[in-house]
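Asks: Handing you this structure, nothing more for now.
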Amino acid sequence: MKLTRKDYLKTNLIAAVGAGLSIPALQSCNEKKTESVPSVWDYKPGEVKTAGIRMIEIDGGFKVWTKKFGQGKIKMLTLHGGPGCTHEYFECFEDFLPQEGVEFIYYDQLGSHYSDKPTDKSLWRMERFVEEVESVRKGLGLENFYLYGQSWGGMLGIEYALKYGQHLKGLVISNMTASIPSYLKYVNELRAKFPEDVQKMMTDYESKEQWDAPEYQKFVTEQLYNKHICRLVPWPEPVTRMFNHLATPVYNTMQGNNEFVVTGTFKDWDRWADLHKINIPTQLIVGRYDSMRVEDIQKMQASIPHSRLGICENGSHLSMWDDQQAYFNILIPFLKDVDSGKFKL
């Protein structure tokens, strides 16, 4: 016999009474439970807790996903890479930043896995993403905060700082050089070091535009990704999960079909001549085995007036994973020094 919800509740009520609990006693238990809600919950009548998740509306009526993690007076908004990646590969931050009084905010950019995914390719432009970040800042009520950008997020962070730097207390540019031509020059130098037979086979696949061919992907993974993107093999689960969620329409429109030839909307991006205009405390981070040239990041440090440089000697493009101790020993002191007024070059 199938029990209805009413039958189920009735059966459990009879069982409770049979156990010696009267209906008034049950009501009393419920009242006591309500009265014992701990004040540390900071619960307001009518409020629904969402684990810090908020959907922020941006231009066009779209919504992007954000999540606040931790509590502290240091507020940091994160910009993930890609374009088209997700916040997921930042999940290791949870083991390092909250304990140091850093409240950070995950944010999946428009088109990425947890946010709205429109199909209009005209949206995938640098200028629109800068305005999106500003909408997120306003939606979250952030002021005098830290902006953290990694890889493509570093590009976006530079652009935001040049236009809206008055809202920032500090900037972190992680694993990103100041121009796409600089990146391309170096990543193709790395490619030139691949075994000759691998280079030839990759060229064959590329001439046929077979970017997704399993053998081609195997070459890219073994020769580039495992040596210069993340040196941990196998990759940590959040990194793998992020790549499984990669928004290829965004990536292909802005970057192109592979790492070595950029044909997308940001192919001509170059900010070398404007770095001196960034007047807020800035932390640059690069891995010794990065897909970005260390000397380029050193040049950036010389160009940005109030900047520090940290090199993760055992790290690659995802140094927060493959050289964690070095990475967070660079990031955390920067945030604390700026916040306490002790920032020095």
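Convention: chains lettered A, B, ... in structure tokens order; per-chain residue numbering from 1; ligands numbered from 1 as shown.
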Excluding segment 305-307 of chain A and any residue of its chain fewer than 2 positions from it, enumerate the residues within 7 Å of it, using only C-alpha atoms, and give them as an mmCIF file with C-alpha atoms, in the first residue's frame.
Replies:
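That gives us around_23.cif:
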data_model
loop_
_atom_site.group_PDB
_atom_site.id
_atom_site.type_symbol
_atom_site.label_atom_id
_atom_site.label_comp_id
_atom_site.auth_asym_id
_atom_site.auth_seq_id
_atom_site.Cartn_x
_atom_site.Cartn_y
_atom_site.Cartn_z
ATOM 1 C CA HIS A 276 53.032 53.030 -15.451
ATOM 2 C CA ASN A 279 49.241 53.571 -9.208
ATOM 3 C CA ILE A 280 47.930 51.124 -6.623
ATOM 4 C CA PRO A 281 49.985 48.515 -4.726
ATOM 5 C CA THR A 282 50.399 45.580 -7.096
ATOM 6 C CA GLN A 283 51.678 42.042 -6.604
ATOM 7 C CA GLN A 301 57.500 44.973 -12.139
ATOM 8 C CA SER A 303 57.058 49.418 -15.169
ATOM 9 C CA LEU A 309 57.381 40.465 -7.899
ATOM 10 C CA LEU A 345 58.834 47.558 -2.329
#
Asks: Extract the full set of helix (DSSP H, G or I) residues from segment 104-269 of chain A according to DSSP on the backbone, and format it as an NGL selection string.
Replies: :A and (121-123 or 126-140 or 152-167 or 180-191 or 196-207 or 214-229 or 237-244 or 248-254)
Asks: Excluding segment 334-342 of chain A and residues on its chain fewer than 5 positions from it, collect all residues at most 12 Å away from it, counting only C-alpha atoms, and give them as an MDAnalysis selection string.
Replies: chainID A and resid 72:76 97 100:104 144:148 168:172 280:285 306:310 327:329
Asks: For atom CA of Leu110 of chain A and atom CA of Gln324 of chain A, determine how far apart the two atoms are, in Å to one decimal place.
Replies: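 These two atoms are separated by 28.4 Å.
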Asks: So which one's closest to Tyr164 of chain A, A:Arg288, A:Lys138, A:Lys185, A:Lys208? Using only C-alpha atoms, please.
Replies: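 With only C-alpha atoms as the atom set, the closest residue is A:Lys138.
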Asks: To one decimal place, how far is atom CA of Gln325 of chain A from atom CA of Tyr89 of chain A in Å?
Replies: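 Result for atom CA of Gln325 of chain A versus atom CA of Tyr89 of chain A: 16.4 Å, one decimal.
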Asks: DSSP on the backbone, strand (DSSP E or B) only: what residues of segment 156-342 of chain A does that give? Format it as a ChimeraX atom specification.
Replies: /A:168-174,179,270,282-287,307-312
Asks: For the selection just defined, write its residues with N, CA, C and O atoms to a file, as a JSON list (two decimals), in the first residue's frame.
Replies:
[["chain", "number", "residue", "atom", "x", "y", "z"],
["A", 168, "LEU", "N", 40.05, 50.39, -6.04],
["A", 168, "LEU", "CA", 40.92, 49.31, -5.59],
["A", 168, "LEU", "C", 41.89, 49.73, -4.48],
["A", 168, "LEU", "O", 42.43, 50.83, -4.50],
["A", 169, "LYS", "N", 42.10, 48.82, -3.55],
["A", 169, "LYS", "CA", 43.13, 49.00, -2.53],
["A", 169, "LYS", "C", 44.42, 48.32, -2.96],
["A", 169, "LYS", "O", 45.52, 48.72, -2.58],
["A", 170, "GLY", "N", 44.28, 47.26, -3.74],
["A", 170, "GLY", "CA", 45.44, 46.54, -4.23],
["A", 170, "GLY", "C", 45.07, 45.67, -5.41],
["A", 170, "GLY", "O", 43.89, 45.34, -5.62],
["A", 171, "LEU", "N", 46.08, 45.28, -6.19],
["A", 171, "LEU", "CA", 45.88, 44.48, -7.39],
["A", 171, "LEU", "C", 46.87, 43.32, -7.39],
["A", 171, "LEU", "O", 48.05, 43.51, -7.07],
["A", 172, "VAL", "N", 46.39, 42.13, -7.75],
["A", 172, "VAL", "CA", 47.26, 40.97, -7.92],
["A", 172, "VAL", "C", 47.15, 40.51, -9.37],
["A", 172, "VAL", "O", 46.05, 40.23, -9.85],
["A", 173, "ILE", "N", 48.29, 40.48, -10.06],
["A", 173, "ILE", "CA", 48.36, 39.98, -11.43],
["A", 173, "ILE", "C", 49.16, 38.69, -11.39],
["A", 173, "ILE", "O", 50.37, 38.71, -11.20],
["A", 174, "SER", "N", 48.47, 37.60, -11.55],
["A", 174, "SER", "CA", 49.10, 36.28, -11.37],
["A", 174, "SER", "C", 49.23, 35.58, -12.72],
["A", 174, "SER", "O", 48.25, 35.41, -13.44],
["A", 179, "SER", "N", 51.12, 41.54, -22.66],
["A", 179, "SER", "CA", 50.59, 41.57, -24.02],
["A", 179, "SER", "C", 50.46, 40.16, -24.57],
["A", 179, "SER", "O", 51.22, 39.27, -24.20],
["A", 270, "ASP", "N", 47.70, 44.64, -25.91],
["A", 270, "ASP", "CA", 49.07, 45.03, -25.52],
["A", 270, "ASP", "C", 48.98, 46.24, -24.60],
["A", 270, "ASP", "O", 48.47, 47.29, -25.00],
["A", 282, "THR", "N", 50.63, 46.70, -6.18],
["A", 282, "THR", "CA", 50.40, 45.58, -7.10],
["A", 282, "THR", "C", 51.37, 44.45, -6.81],
["A", 282, "THR", "O", 52.57, 44.69, -6.62],
["A", 283, "GLN", "N", 50.84, 43.24, -6.77],
["A", 283, "GLN", "CA", 51.68, 42.04, -6.60],
["A", 283, "GLN", "C", 51.65, 41.25, -7.90],
["A", 283, "GLN", "O", 50.60, 40.89, -8.41],
["A", 284, "LEU", "N", 52.83, 40.99, -8.45],
["A", 284, "LEU", "CA", 52.98, 40.14, -9.62],
["A", 284, "LEU", "C", 53.49, 38.78, -9.18],
["A", 284, "LEU", "O", 54.38, 38.69, -8.33],
["A", 285, "ILE", "N", 52.92, 37.72, -9.75],
["A", 285, "ILE", "CA", 53.33, 36.35, -9.41],
["A", 285, "ILE", "C", 53.53, 35.57, -10.71],
["A", 285, "ILE", "O", 52.71, 35.66, -11.63],
["A", 286, "VAL", "N", 54.61, 34.80, -10.77],
["A", 286, "VAL", "CA", 54.89, 33.97, -11.94],
["A", 286, "VAL", "C", 55.58, 32.70, -11.48],
["A", 286, "VAL", "O", 56.25, 32.68, -10.44],
["A", 287, "GLY", "N", 55.41, 31.63, -12.25],
["A", 287, "GLY", "CA", 56.11, 30.38, -11.96],
["A", 287, "GLY", "C", 57.34, 30.26, -12.84],
["A", 287, "GLY", "O", 57.34, 30.70, -14.00],
["A", 307, "SER", "N", 54.95, 48.13, -7.20],
["A", 307, "SER", "CA", 54.72, 46.71, -7.44],
["A", 307, "SER", "C", 55.84, 45.85, -6.86],
["A", 307, "SER", "O", 56.98, 46.27, -6.73],
["A", 308, "ARG", "N", 55.44, 44.63, -6.51],
["A", 308, "ARG", "CA", 56.36, 43.60, -6.06],
["A", 308, "ARG", "C", 56.29, 42.44, -7.04],
["A", 308, "ARG", "O", 55.27, 42.23, -7.70],
["A", 309, "LEU", "N", 57.36, 41.66, -7.07],
["A", 309, "LEU", "CA", 57.38, 40.46, -7.90],
["A", 309, "LEU", "C", 57.70, 39.26, -7.03],
["A", 309, "LEU", "O", 58.63, 39.28, -6.23],
["A", 310, "GLY", "N", 56.90, 38.21, -7.19],
["A", 310, "GLY", "CA", 57.17, 36.94, -6.52],
["A", 310, "GLY", "C", 57.30, 35.83, -7.55],
["A", 310, "GLY", "O", 56.44, 35.69, -8.42],
["A", 311, "ILE", "N", 58.39, 35.06, -7.47],
["A", 311, "ILE", "CA", 58.61, 33.96, -8.40],
["A", 311, "ILE", "C", 58.49, 32.64, -7.64],
["A", 311, "ILE", "O", 59.16, 32.43, -6.64],
["A", 312, "CYS", "N", 57.61, 31.77, -8.14],
["A", 312, "CYS", "CA", 57.46, 30.43, -7.57],
["A", 312, "CYS", "C", 58.45, 29.52, -8.30],
["A", 312, "CYS", "O", 58.20, 29.14, -9.45]]
Asks: Tell me which of A:His317, A:Lys277, A:Arg128, A:Arg241 sits closest to Leu224 of chain A, counting only C-alpha atoms.
Replies: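 Ranked by minimum distance to Leu224 of chain A, first place goes to A:His317.
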